[in-house]
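So this one's structure_39.tsv, TSV, C-alpha atoms:
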```tsv
chain	number	residue	atom	x	y	z
A	258	MET	CA	-38.44	21.42	7.87
A	259	SER	CA	-37.40	18.15	9.40
A	260	ASN	CA	-38.53	17.29	12.89
A	261	VAL	CA	-35.35	15.29	13.50
A	262	ARG	CA	-32.84	17.12	15.62
A	263	PRO	CA	-29.15	16.28	15.34
A	264	SER	CA	-27.64	14.65	18.39
A	265	PRO	CA	-24.53	16.55	19.51
A	266	ALA	CA	-22.92	13.33	20.76
A	267	ALA	CA	-23.79	11.28	17.67
A	268	SER	CA	-21.30	10.47	14.97
A	269	VAL	CA	-21.71	8.86	11.59
A	270	MET	CA	-20.68	5.19	11.52
A	271	LEU	CA	-19.58	3.20	8.52
A	272	ASN	CA	-22.34	0.62	8.87
A	273	GLN	CA	-24.92	3.44	8.87
A	274	VAL	CA	-23.58	4.81	5.58
A	275	GLU	CA	-23.54	1.30	4.10
A	276	ALA	CA	-27.17	0.84	5.19
A	277	LEU	CA	-28.29	4.02	3.42
A	278	VAL	CA	-26.50	3.09	0.20
A	279	ALA	CA	-27.94	-0.44	0.31
A	280	VAL	CA	-31.51	0.89	0.72
A	281	ALA	CA	-31.01	3.37	-2.11
A	282	GLU	CA	-29.72	0.66	-4.45
A	283	THR	CA	-32.23	-2.08	-3.55
A	284	GLY	CA	-35.29	0.13	-2.95
A	285	SER	CA	-36.40	-1.48	0.28
A	286	ILE	CA	-35.37	-2.09	3.87
A	287	GLY	CA	-35.87	-5.83	3.48
A	288	ALA	CA	-33.70	-6.21	0.40
A	289	ALA	CA	-31.00	-4.00	1.92
A	290	ALA	CA	-31.01	-6.06	5.10
A	291	ASP	CA	-30.58	-9.23	3.06
A	292	ARG	CA	-27.66	-7.71	1.17
A	293	LEU	CA	-25.90	-6.71	4.40
A	294	PHE	CA	-26.80	-9.95	6.23
A	295	VAL	CA	-28.58	-8.17	9.09
A	296	THR	CA	-32.17	-8.15	10.33
A	297	GLN	CA	-34.61	-5.50	9.19
A	298	PRO	CA	-34.88	-3.98	12.68
A	299	ALA	CA	-31.07	-3.75	12.88
A	300	LEU	CA	-30.87	-2.02	9.51
A	301	THR	CA	-33.73	0.34	10.42
A	302	ALA	CA	-31.87	1.23	13.61
A	303	ARG	CA	-28.77	2.12	11.58
A	304	ILE	CA	-30.76	4.40	9.30
A	305	GLN	CA	-32.43	6.08	12.25
A	306	ALA	CA	-29.05	6.60	13.96
A	307	LEU	CA	-27.69	8.18	10.77
A	308	GLU	CA	-30.70	10.48	10.55
A	309	ALA	CA	-30.22	11.45	14.19
A	310	ALA	CA	-26.55	12.22	13.58
A	311	LEU	CA	-27.39	14.40	10.55
A	312	GLY	CA	-30.54	15.93	12.03
A	313	THR	CA	-32.83	15.20	9.09
A	314	ARG	CA	-34.93	12.51	7.47
A	315	LEU	CA	-33.13	10.54	4.77
A	316	LEU	CA	-35.72	7.90	3.94
A	317	VAL	CA	-39.48	7.76	3.54
A	318	ARG	CA	-41.03	4.31	3.88
A	319	SER	CA	-44.21	3.32	2.03
A	320	ARG	CA	-46.13	0.18	1.19
A	321	THR	CA	-44.18	-0.14	-2.05
A	322	GLY	CA	-40.74	0.29	-0.49
A	323	SER	CA	-38.44	3.06	0.66
A	324	ARG	CA	-37.35	6.16	-1.18
A	325	LEU	CA	-34.80	8.84	-0.42
A	326	THR	CA	-35.80	12.33	0.60
A	327	ASP	CA	-34.16	15.31	-1.09
A	328	ALA	CA	-31.64	15.36	1.76
A	329	GLY	CA	-31.14	11.62	1.37
A	330	ARG	CA	-30.44	11.92	-2.34
A	331	SER	CA	-27.97	14.71	-1.69
A	332	TYR	CA	-26.21	12.72	1.03
A	333	LEU	CA	-26.12	9.56	-1.08
A	334	LEU	CA	-23.50	11.08	-3.40
A	335	TYR	CA	-21.13	11.67	-0.49
A	336	ALA	CA	-21.94	8.30	1.06
A	337	ARG	CA	-20.93	6.50	-2.13
A	338	ARG	CA	-17.75	8.56	-2.40
A	339	ALA	CA	-16.88	7.74	1.20
A	340	LEU	CA	-17.37	4.01	0.68
A	341	ALA	CA	-15.35	4.14	-2.55
A	342	ALA	CA	-12.52	5.97	-0.78
A	343	LEU	CA	-12.52	3.46	2.07
A	344	ASN	CA	-12.44	0.55	-0.37
A	345	ALA	CA	-9.59	2.19	-2.28
A	346	GLY	CA	-7.76	2.72	1.01
A	347	ARG	CA	-8.29	-0.92	1.94
A	348	GLU	CA	-6.86	-2.02	-1.42
A	349	THR	CA	-3.87	0.28	-1.03
A	350	VAL	CA	-3.10	-1.05	2.45
A	351	SER	CA	-3.38	-4.59	1.12
A	352	GLU	CA	-0.99	-3.76	-1.73
A	353	ILE	CA	1.51	-2.18	0.66
A	354	ALA	CA	1.29	-5.20	2.95
A	355	SER	CA	1.97	-7.51	0.00
A	356	GLY	CA	4.82	-5.35	-1.31
A	357	SER	CA	3.07	-4.43	-4.56
A	358	ALA	CA	2.75	-0.77	-3.52
A	359	GLY	CA	4.35	1.66	-1.07
A	360	ARG	CA	7.68	3.46	-1.09
A	361	LEU	CA	11.25	2.21	-1.02
A	362	ALA	CA	14.32	4.40	-0.48
A	363	ILE	CA	17.71	2.94	-1.44
A	364	GLY	CA	21.23	4.27	-1.02
A	365	ALA	CA	23.95	2.92	-3.31
A	366	ALA	CA	27.66	3.35	-3.92
A	367	PRO	CA	28.44	4.88	-7.36
A	368	ALA	CA	29.60	1.67	-9.05
A	369	VAL	CA	26.45	-0.07	-7.82
A	370	SER	CA	23.97	2.70	-8.66
A	371	THR	CA	25.41	3.20	-12.16
A	372	TYR	CA	26.16	-0.31	-13.39
A	373	VAL	CA	24.15	-2.78	-11.31
A	374	LEU	CA	21.09	-1.09	-9.83
A	375	PRO	CA	19.35	-0.04	-13.10
A	376	ALA	CA	18.85	-3.63	-14.25
A	377	VAL	CA	17.66	-4.70	-10.81
A	378	LEU	CA	15.22	-1.79	-10.57
A	379	HIS	CA	13.90	-2.52	-14.06
A	380	HIS	CA	13.04	-6.04	-13.00
A	381	PHE	CA	11.61	-4.80	-9.69
A	382	GLN	CA	9.35	-2.27	-11.39
A	383	GLU	CA	8.01	-4.88	-13.78
A	384	THR	CA	6.67	-6.87	-10.84
A	385	HIS	CA	5.99	-3.96	-8.45
A	386	PRO	CA	4.90	-1.05	-10.68
A	387	ARG	CA	3.11	0.85	-7.89
A	388	VAL	CA	6.08	1.04	-5.52
A	389	GLN	CA	7.55	4.54	-5.48
A	390	LEU	CA	11.35	4.34	-5.65
A	391	ALA	CA	13.90	6.83	-4.35
A	392	VAL	CA	17.61	6.24	-5.02
A	393	ARG	CA	20.45	8.21	-3.49
A	394	SER	CA	24.05	7.72	-4.51
A	395	GLY	CA	27.22	8.29	-2.52
A	396	HIS	CA	30.42	6.62	-1.41
A	397	SER	CA	29.98	3.68	0.92
A	398	GLU	CA	30.70	5.86	3.95
A	399	ASP	CA	27.94	8.24	2.84
A	400	VAL	CA	25.52	5.37	2.25
A	401	LEU	CA	26.25	4.06	5.74
A	402	GLU	CA	25.27	7.44	7.18
A	403	MET	CA	22.05	7.42	5.12
A	404	VAL	CA	21.18	4.05	6.65
A	405	LEU	CA	22.00	5.21	10.18
A	406	ARG	CA	19.95	8.40	9.78
A	407	GLU	CA	17.08	6.32	8.33
A	408	GLU	CA	17.11	8.35	5.13
A	409	VAL	CA	17.12	5.06	3.22
A	410	GLU	CA	15.84	1.64	4.18
A	411	LEU	CA	18.58	-0.24	2.34
A	412	GLY	CA	22.18	0.66	1.60
A	413	LEU	CA	24.09	-1.13	-1.17
A	414	MET	CA	27.78	-0.62	-0.42
A	415	ARG	CA	31.08	-2.24	0.44
A	416	PRO	CA	31.14	-3.76	3.94
A	417	ILE	CA	31.80	-1.22	6.70
A	418	GLY	CA	31.56	-2.53	10.23
A	419	HIS	CA	29.21	-0.63	12.52
A	420	PRO	CA	27.45	-1.87	15.66
A	421	ASN	CA	24.11	-0.41	14.61
A	422	VAL	CA	24.09	-1.95	11.13
A	423	THR	CA	23.49	-5.47	9.89
A	424	SER	CA	24.37	-6.55	6.37
A	425	VAL	CA	24.14	-9.45	3.96
A	426	LEU	CA	26.49	-10.23	1.10
A	427	ILE	CA	24.79	-9.63	-2.25
A	428	TYR	CA	27.58	-10.15	-4.75
A	429	GLU	CA	31.30	-9.75	-5.36
A	430	ASP	CA	32.71	-7.49	-8.07
A	431	GLU	CA	36.11	-8.36	-9.52
A	432	LEU	CA	38.68	-5.72	-10.38
A	433	VAL	CA	39.98	-6.36	-13.90
A	434	LEU	CA	42.77	-4.85	-16.00
A	435	VAL	CA	41.37	-3.41	-19.23
A	436	VAL	CA	43.16	-1.98	-22.28
A	437	HIS	CA	42.07	-0.66	-25.66
A	438	ARG	CA	41.64	-3.27	-28.40
A	439	GLY	CA	44.79	-2.22	-30.26
A	440	HIS	CA	47.06	-2.46	-27.22
A	441	PRO	CA	49.88	-5.07	-27.24
A	442	PHE	CA	48.50	-6.43	-23.94
A	443	ALA	CA	45.21	-7.21	-25.72
A	444	SER	CA	46.85	-9.56	-28.20
A	445	ALA	CA	48.97	-11.17	-25.50
A	446	GLY	CA	45.95	-11.75	-23.24
A	447	THR	CA	48.13	-12.01	-20.15
A	448	VAL	CA	50.86	-9.88	-18.54
A	449	ARG	CA	52.88	-9.71	-15.36
A	450	MET	CA	52.65	-6.84	-12.90
A	451	ALA	CA	56.16	-5.66	-13.83
A	452	GLU	CA	55.04	-5.05	-17.41
A	453	MET	CA	52.52	-2.48	-16.21
A	454	ALA	CA	55.44	-0.20	-15.33
A	455	THR	CA	55.73	0.71	-19.00
A	456	GLU	CA	52.17	2.09	-19.11
A	457	HIS	CA	50.20	5.08	-17.96
A	458	LEU	CA	47.85	3.95	-15.20
A	459	ILE	CA	44.45	5.62	-15.13
A	460	LEU	CA	42.98	6.08	-11.67
A	461	PHE	CA	39.49	7.27	-10.84
A	462	ASP	CA	37.86	9.06	-7.93
A	463	ARG	CA	40.58	9.68	-5.37
A	464	THR	CA	38.02	9.45	-2.53
A	465	SER	CA	36.81	5.97	-3.52
A	466	SER	CA	38.01	2.67	-2.10
A	467	TYR	CA	38.90	1.48	-5.62
A	468	HIS	CA	41.50	4.26	-5.95
A	469	GLU	CA	43.04	3.23	-2.65
A	470	LEU	CA	43.00	-0.45	-3.62
A	471	THR	CA	44.64	0.13	-7.01
A	472	SER	CA	47.34	2.37	-5.55
A	473	ALA	CA	48.08	-0.21	-2.85
A	474	LEU	CA	48.47	-2.99	-5.41
A	475	VAL	CA	51.00	-0.99	-7.39
A	476	ARG	CA	52.97	-0.12	-4.26
A	477	GLN	CA	52.99	-3.72	-3.03
A	478	ALA	CA	54.24	-4.92	-6.42
A	479	GLY	CA	57.09	-2.45	-6.16
A	480	ILE	CA	56.46	-0.93	-9.55
A	481	ALA	CA	56.24	2.68	-10.68
A	482	PRO	CA	53.96	3.23	-13.67
A	483	ARG	CA	55.28	5.34	-16.50
A	484	GLY	CA	52.70	7.91	-15.43
A	485	THR	CA	49.24	8.27	-13.97
A	486	ILE	CA	46.11	10.05	-15.08
A	487	GLU	CA	43.46	10.76	-12.45
A	488	VAL	CA	39.80	11.29	-13.31
A	489	ASP	CA	36.78	11.65	-11.07
A	490	ASN	CA	34.60	8.73	-12.19
A	491	ILE	CA	34.63	5.29	-13.80
A	492	ASP	CA	33.02	6.40	-17.06
A	493	ALA	CA	35.78	8.94	-17.61
A	494	ALA	CA	38.39	6.27	-16.88
A	495	LYS	CA	36.84	3.96	-19.49
A	496	ARG	CA	36.84	6.70	-22.11
A	497	MET	CA	40.52	7.42	-21.36
A	498	VAL	CA	41.40	3.78	-21.94
A	499	GLU	CA	39.38	3.68	-25.17
A	500	GLN	CA	41.27	6.75	-26.38
A	501	ARG	CA	44.59	4.92	-25.82
A	502	LEU	CA	45.71	7.18	-23.00
A	503	GLY	CA	46.51	4.35	-20.61
A	504	ILE	CA	45.34	1.17	-18.90
A	505	ALA	CA	43.08	0.81	-15.88
A	506	LEU	CA	41.96	-1.59	-13.19
A	507	LEU	CA	38.17	-1.28	-13.13
A	508	PRO	CA	35.22	-3.14	-11.58
A	509	LEU	CA	34.03	-5.90	-13.92
A	510	THR	CA	30.39	-4.80	-13.64
A	511	SER	CA	31.35	-1.37	-14.98
A	512	VAL	CA	33.05	-2.65	-18.16
A	513	GLN	CA	30.93	-5.62	-19.18
A	514	LEU	CA	29.24	-3.65	-21.98
A	515	GLU	CA	32.52	-2.37	-23.41
A	516	ILE	CA	34.11	-5.83	-23.20
A	517	GLY	CA	31.08	-7.35	-24.89
A	518	THR	CA	31.30	-4.89	-27.80
A	519	GLY	CA	35.08	-5.13	-28.08
A	520	ARG	CA	35.76	-1.51	-27.14
A	521	LEU	CA	37.80	-2.69	-24.15
A	522	VAL	CA	39.76	-5.90	-23.71
A	523	PRO	CA	40.31	-7.62	-20.34
A	524	VAL	CA	43.85	-8.78	-19.62
A	525	VAL	CA	44.86	-11.39	-17.06
A	526	VAL	CA	47.64	-10.32	-14.68
A	527	SER	CA	49.29	-13.69	-14.13
A	528	ASP	CA	51.09	-12.87	-10.88
A	529	LEU	CA	48.14	-11.07	-9.30
A	530	ALA	CA	45.55	-12.98	-7.32
A	531	PRO	CA	41.92	-12.22	-8.22
A	532	ILE	CA	40.79	-9.01	-6.54
A	533	ARG	CA	37.16	-9.05	-5.52
A	534	ARG	CA	35.24	-6.35	-3.71
A	535	GLN	CA	32.21	-7.42	-1.71
A	536	ILE	CA	28.94	-5.52	-2.04
A	537	VAL	CA	26.43	-5.87	0.78
A	538	ALA	CA	22.90	-4.73	1.52
A	539	ALA	CA	22.90	-2.89	4.84
A	540	ARG	CA	20.05	-2.01	7.21
A	541	ARG	CA	19.78	-0.52	10.65
A	542	ARG	CA	20.01	-3.30	13.21
A	543	ASP	CA	16.98	-1.96	15.07
A	544	ALA	CA	14.87	-1.45	11.94
A	545	GLY	CA	12.82	-4.57	12.55
A	546	VAL	CA	11.32	-6.64	9.77
A	547	PRO	CA	11.92	-5.12	6.29
A	548	SER	CA	8.95	-3.49	4.64
A	549	PRO	CA	7.25	-5.77	2.09
A	550	ALA	CA	8.68	-3.63	-0.72
A	551	ALA	CA	12.21	-3.91	0.71
A	552	ALA	CA	11.83	-7.65	1.20
A	553	ALA	CA	10.69	-8.05	-2.41
A	554	PHE	CA	13.59	-5.92	-3.66
A	555	LEU	CA	16.13	-7.96	-1.68
A	556	ALA	CA	14.70	-11.19	-3.04
A	557	ILE	CA	15.06	-9.92	-6.61
A	558	LEU	CA	18.57	-8.60	-5.95
A	559	GLU	CA	19.71	-11.89	-4.47
A	560	ASP	CA	18.14	-13.87	-7.33
A	561	MET	CA	19.83	-11.77	-10.00
A	562	ARG	CA	23.29	-12.01	-8.45
A	563	PRO	CA	24.87	-9.24	-10.60
A	564	GLY	CA	28.54	-9.56	-11.46
A	565	GLY	CA	31.10	-12.14	-10.49
A	566	PRO	CA	30.59	-15.63	-9.08
A	567	GLU	CA	27.52	-16.25	-6.97
A	568	PRO	CA	28.41	-15.92	-3.28
A	569	ARG	CA	26.45	-17.47	-0.47
A	570	PRO	CA	24.80	-14.92	1.81
A	571	ARG	CA	26.20	-14.94	5.32
A	572	ARG	CA	22.72	-14.30	6.69
A	573	SER	CA	19.42	-13.07	5.37
A	574	LEU	CA	18.06	-9.59	5.84
A	575	LEU	CA	14.58	-11.08	5.61
A	576	THR	CA	14.74	-12.35	9.17
```
Using structure tokens, write down the structure from this file.
Amino acid sequence: MSNVRPSPAASVMLNQVEALVAVAETGSIGAAADRLFVTQPALTARIQALEAALGTRLLVRSRTGSRLTDAGRSYLLYARRALAALNAGRETVSEIASGSAGRLAIGAAPAVSTYVLPAVLHHFQETHPRVQLAVRSGHSEDVLEMVLREEVELGLMRPIGHPNVTSVLIYEDELVLVVHRGHPFASAGTVRMAEMATEHLILFDRTSSYHELTSALVRQAGIAPRGTIEVDNIDAAKRMVEQRLGIALLPLTSVQLEIGTGRLVPVVVSDLAPIRRQIVAARRRDAGVPSPAAAAFLAILEDMRPGGPEPRPRRSLLT
């Protein structure tokens, strides 16, 4: 039995555990002291304090060095695990602080989450593979609420004024008229608003701002389309146009693939000024400095500038 009694007030300290591991690996108090850059008496005191905290001898000193007791050998396994866990924790904290690890929650409007965000996230994950990502989609009003409730750190949405939110312009998405490749408008390349009255106009998602914007343009032009077809999302609207069921005004970012492959053809409306919808990154005003992961994501997003001409940010979310 050991004649060392545990001290009820004693607790195990990190430097005591490090001392035991150093002695076990070097075989002597002197060599362990040199490794830890302390004096031999200081290292001996750490070992003795650890023994007092555990209530048993851990080391036996002899003329040839120091060796672990049975209790010491048993404790050494846990000591090494503890040091390894602490080192891993230190590395994780360092990675989070640098933005290479951690968690990032993003809210995004449907047109952003479907057609813009995947490419941005692909690039982000290549440089920050250990950051856990969470993406929630909803209309801009829903994304605003996510930001306000702190369910997401960043909201990618159209600008909506709110006193508790600050935002920065990320890009502008242009609304373009698209038709199927066999449509007369496709060969002409340009039309006037009045000519659209002969066509079926395909509208998408009645609750979205794009639906409201398209309807307002038609009303302001004083035209009545031959008919309308309403669907609930942009992808469905694109398929309707491809199937020659009508024409549609759609965000450019959502039809770039189809235009590139020739499945859809953009048509210039000569008497219609360019229609651009701003997309901003929104944060709570009182959120403080963005997390390193959020700051890295914003930097990538601003560098990539998806869709449309490159706008100048009104202010930076990084400050």
Would you tabulate, counting only C-alpha atoms, all residues of range 433-550 of chain A that have an atom at most 12 Å from an atom of range 388-406 of chain A, showing the closest pair of atoms and their distance in Å to one decimal, sorted by chain then ascending number, as CSV?
```
residue,atom,partner,partner_atom,distance
A:Asp462,CA,A:His396,CA,10.2
A:Arg463,CA,A:His396,CA,11.3
A:Thr464,CA,A:His396,CA,8.2
A:Ser465,CA,A:His396,CA,6.8
A:Ser466,CA,A:His396,CA,8.6
A:Tyr467,CA,A:His396,CA,10.8
A:Asn490,CA,A:His396,CA,11.8
A:Gln535,CA,A:Ser397,CA,11.6
A:Ile536,CA,A:Ser397,CA,9.7
A:Val537,CA,A:Ser397,CA,10.2
A:Ala538,CA,A:Leu401,CA,10.3
A:Ala539,CA,A:Val404,CA,7.4
A:Arg540,CA,A:Val404,CA,6.2
A:Arg541,CA,A:Leu405,CA,6.2
A:Arg542,CA,A:Leu405,CA,9.2
A:Asp543,CA,A:Leu405,CA,10.0
A:Ala544,CA,A:Val404,CA,9.9
A:Ser548,CA,A:Val388,CA,11.5
A:Pro549,CA,A:Val388,CA,10.3
A:Ala550,CA,A:Val388,CA,7.2
```
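Interatomic distance, CA of Leu300 in chain A against CA of Gln273 in chain A: 8.1 Å.
Taking CA of Ala362 in chain A and CA of Glu559 in chain A as endpoints, the distance between them is 17.6 Å.
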> Within 10 Å of Thr371 in chain A, counting all atoms listed in the file, which residues qualify if same-chain residues fewer than 6 places away don't, as a PyMOL selection string?
Replying inline: chain A and resi 365+394+491-492+510-511
>> List the spatial neighbours of Gly503 in chain A as a PyMOL selection string - criterion: any atom at most 7 Å away, all atoms listed in the file, same-chain residues fewer than 6 positions off excluded.
In response: chain A and resi 456-459+497
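Picture a line from CA of Thr447 in chain A to CA of Val433 in chain A; it runs 11.7 Å.
Of the residues listed (A:His379, A:Arg320, A:Leu311, A:Ile504), A:His379 shows the shortest atom-to-atom separation from Leu558 in chain A; distances use all atoms listed in the file.
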>> For range 291-298 of chain A, find every residue with an atom within 12 Å (counting all atoms listed in the file), except residues of its own chain fewer than 3 positions away, and show them as a list in words.
In response: Asn272, Gln273, Val274, Glu275, Ala276, Leu277, Val278, Ala279, Val280, Glu282, Thr283, Gly284, Ser285, Ile286, Gly287, Ala288, Thr301, Ala302, Arg303, Ile304 and Gln305 of chain A
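Neighbours of Ala443 in chain A closer than or equal to 8 Å, with all atoms listed in the file counted and sequence neighbours fewer than 4 positions away skipped, come out as Val436, His437, Arg438, Gly439, Thr447, Val522, Pro523 and Val524 of chain A.
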>> Set the distance at 9 Å and use only C-alpha atoms: which residues neighbour Ala306 in chain A once local chain neighbours fewer than 6 positions away are removed? I'd like the list as a PyMOL selection string.
In response: chain A and resi 267-270+273
> At a cut-off of 12 Å from (36.6, -9.4, -11.4) in the coordinates of the file, what residues are picked up using only C-alpha atoms, written as number ranges by chain?
Replying inline: A: 428-435, 506-513, 523-526, 529-535, 563-566
> Which is closer to Asp327 in chain A than all the others in A:Leu555, A:Thr313, A:Asp528, A:Met453, using all atoms listed in the file?
Replying inline: A:Thr313
Will you model N, CA and C atoms for range 442-460 of chain A and pass it back as a PDB file, keeping the file's coordinate frame?
```pdb
ATOM      1  N   PHE A 442      48.991  -5.536 -24.995  1.00  0.00           N
ATOM      2  CA  PHE A 442      48.500  -6.430 -23.940  1.00  0.00           C
ATOM      3  C   PHE A 442      47.257  -7.196 -24.411  1.00  0.00           C
ATOM      4  N   ALA A 443      46.455  -6.580 -25.271  1.00  0.00           N
ATOM      5  CA  ALA A 443      45.210  -7.210 -25.720  1.00  0.00           C
ATOM      6  C   ALA A 443      45.504  -8.466 -26.538  1.00  0.00           C
ATOM      7  N   SER A 444      46.507  -8.398 -27.387  1.00  0.00           N
ATOM      8  CA  SER A 444      46.850  -9.560 -28.200  1.00  0.00           C
ATOM      9  C   SER A 444      47.538 -10.639 -27.371  1.00  0.00           C
ATOM     10  N   ALA A 445      48.288 -10.207 -26.357  1.00  0.00           N
ATOM     11  CA  ALA A 445      48.970 -11.170 -25.500  1.00  0.00           C
ATOM     12  C   ALA A 445      47.972 -11.890 -24.592  1.00  0.00           C
ATOM     13  N   GLY A 446      46.973 -11.147 -24.093  1.00  0.00           N
ATOM     14  CA  GLY A 446      45.950 -11.750 -23.240  1.00  0.00           C
ATOM     15  C   GLY A 446      46.338 -11.901 -21.802  1.00  0.00           C
ATOM     16  N   THR A 447      47.653 -11.872 -21.518  1.00  0.00           N
ATOM     17  CA  THR A 447      48.130 -12.010 -20.150  1.00  0.00           C
ATOM     18  C   THR A 447      49.424 -11.241 -19.994  1.00  0.00           C
ATOM     19  N   VAL A 448      49.642 -10.632 -18.837  1.00  0.00           N
ATOM     20  CA  VAL A 448      50.860  -9.880 -18.540  1.00  0.00           C
ATOM     21  C   VAL A 448      51.256 -10.149 -17.099  1.00  0.00           C
ATOM     22  N   ARG A 449      52.428  -9.682 -16.755  1.00  0.00           N
ATOM     23  CA  ARG A 449      52.880  -9.710 -15.360  1.00  0.00           C
ATOM     24  C   ARG A 449      52.840  -8.277 -14.827  1.00  0.00           C
ATOM     25  N   MET A 450      52.756  -8.164 -13.524  1.00  0.00           N
ATOM     26  CA  MET A 450      52.650  -6.840 -12.900  1.00  0.00           C
ATOM     27  C   MET A 450      53.795  -5.928 -13.348  1.00  0.00           C
ATOM     28  N   ALA A 451      54.997  -6.477 -13.486  1.00  0.00           N
ATOM     29  CA  ALA A 451      56.160  -5.660 -13.830  1.00  0.00           C
ATOM     30  C   ALA A 451      55.980  -4.977 -15.187  1.00  0.00           C
ATOM     31  N   GLU A 452      55.241  -5.620 -16.088  1.00  0.00           N
ATOM     32  CA  GLU A 452      55.040  -5.050 -17.410  1.00  0.00           C
ATOM     33  C   GLU A 452      54.162  -3.789 -17.366  1.00  0.00           C
ATOM     34  N   MET A 453      53.382  -3.652 -16.336  1.00  0.00           N
ATOM     35  CA  MET A 453      52.520  -2.480 -16.210  1.00  0.00           C
ATOM     36  C   MET A 453      53.319  -1.212 -15.964  1.00  0.00           C
ATOM     37  N   ALA A 454      54.596  -1.372 -15.594  1.00  0.00           N
ATOM     38  CA  ALA A 454      55.440  -0.200 -15.330  1.00  0.00           C
ATOM     39  C   ALA A 454      55.711   0.597 -16.594  1.00  0.00           C
ATOM     40  N   THR A 455      55.478   0.002 -17.749  1.00  0.00           N
ATOM     41  CA  THR A 455      55.730   0.710 -19.000  1.00  0.00           C
ATOM     42  C   THR A 455      54.516   1.534 -19.448  1.00  0.00           C
ATOM     43  N   GLU A 456      53.425   1.482 -18.692  1.00  0.00           N
ATOM     44  CA  GLU A 456      52.170   2.090 -19.110  1.00  0.00           C
ATOM     45  C   GLU A 456      51.751   3.258 -18.217  1.00  0.00           C
ATOM     46  N   HIS A 457      50.904   4.095 -18.770  1.00  0.00           N
ATOM     47  CA  HIS A 457      50.200   5.080 -17.960  1.00  0.00           C
ATOM     48  C   HIS A 457      49.024   4.387 -17.274  1.00  0.00           C
ATOM     49  N   LEU A 458      48.925   4.562 -15.976  1.00  0.00           N
ATOM     50  CA  LEU A 458      47.850   3.950 -15.200  1.00  0.00           C
ATOM     51  C   LEU A 458      46.765   4.999 -14.934  1.00  0.00           C
ATOM     52  N   ILE A 459      45.551   4.677 -15.328  1.00  0.00           N
ATOM     53  CA  ILE A 459      44.450   5.620 -15.130  1.00  0.00           C
ATOM     54  C   ILE A 459      43.722   5.277 -13.844  1.00  0.00           C
ATOM     55  N   LEU A 460      43.650   6.241 -12.965  1.00  0.00           N
ATOM     56  CA  LEU A 460      42.980   6.080 -11.670  1.00  0.00           C
ATOM     57  C   LEU A 460      41.720   6.930 -11.658  1.00  0.00           C
TER      58      LEU A 460
END
```
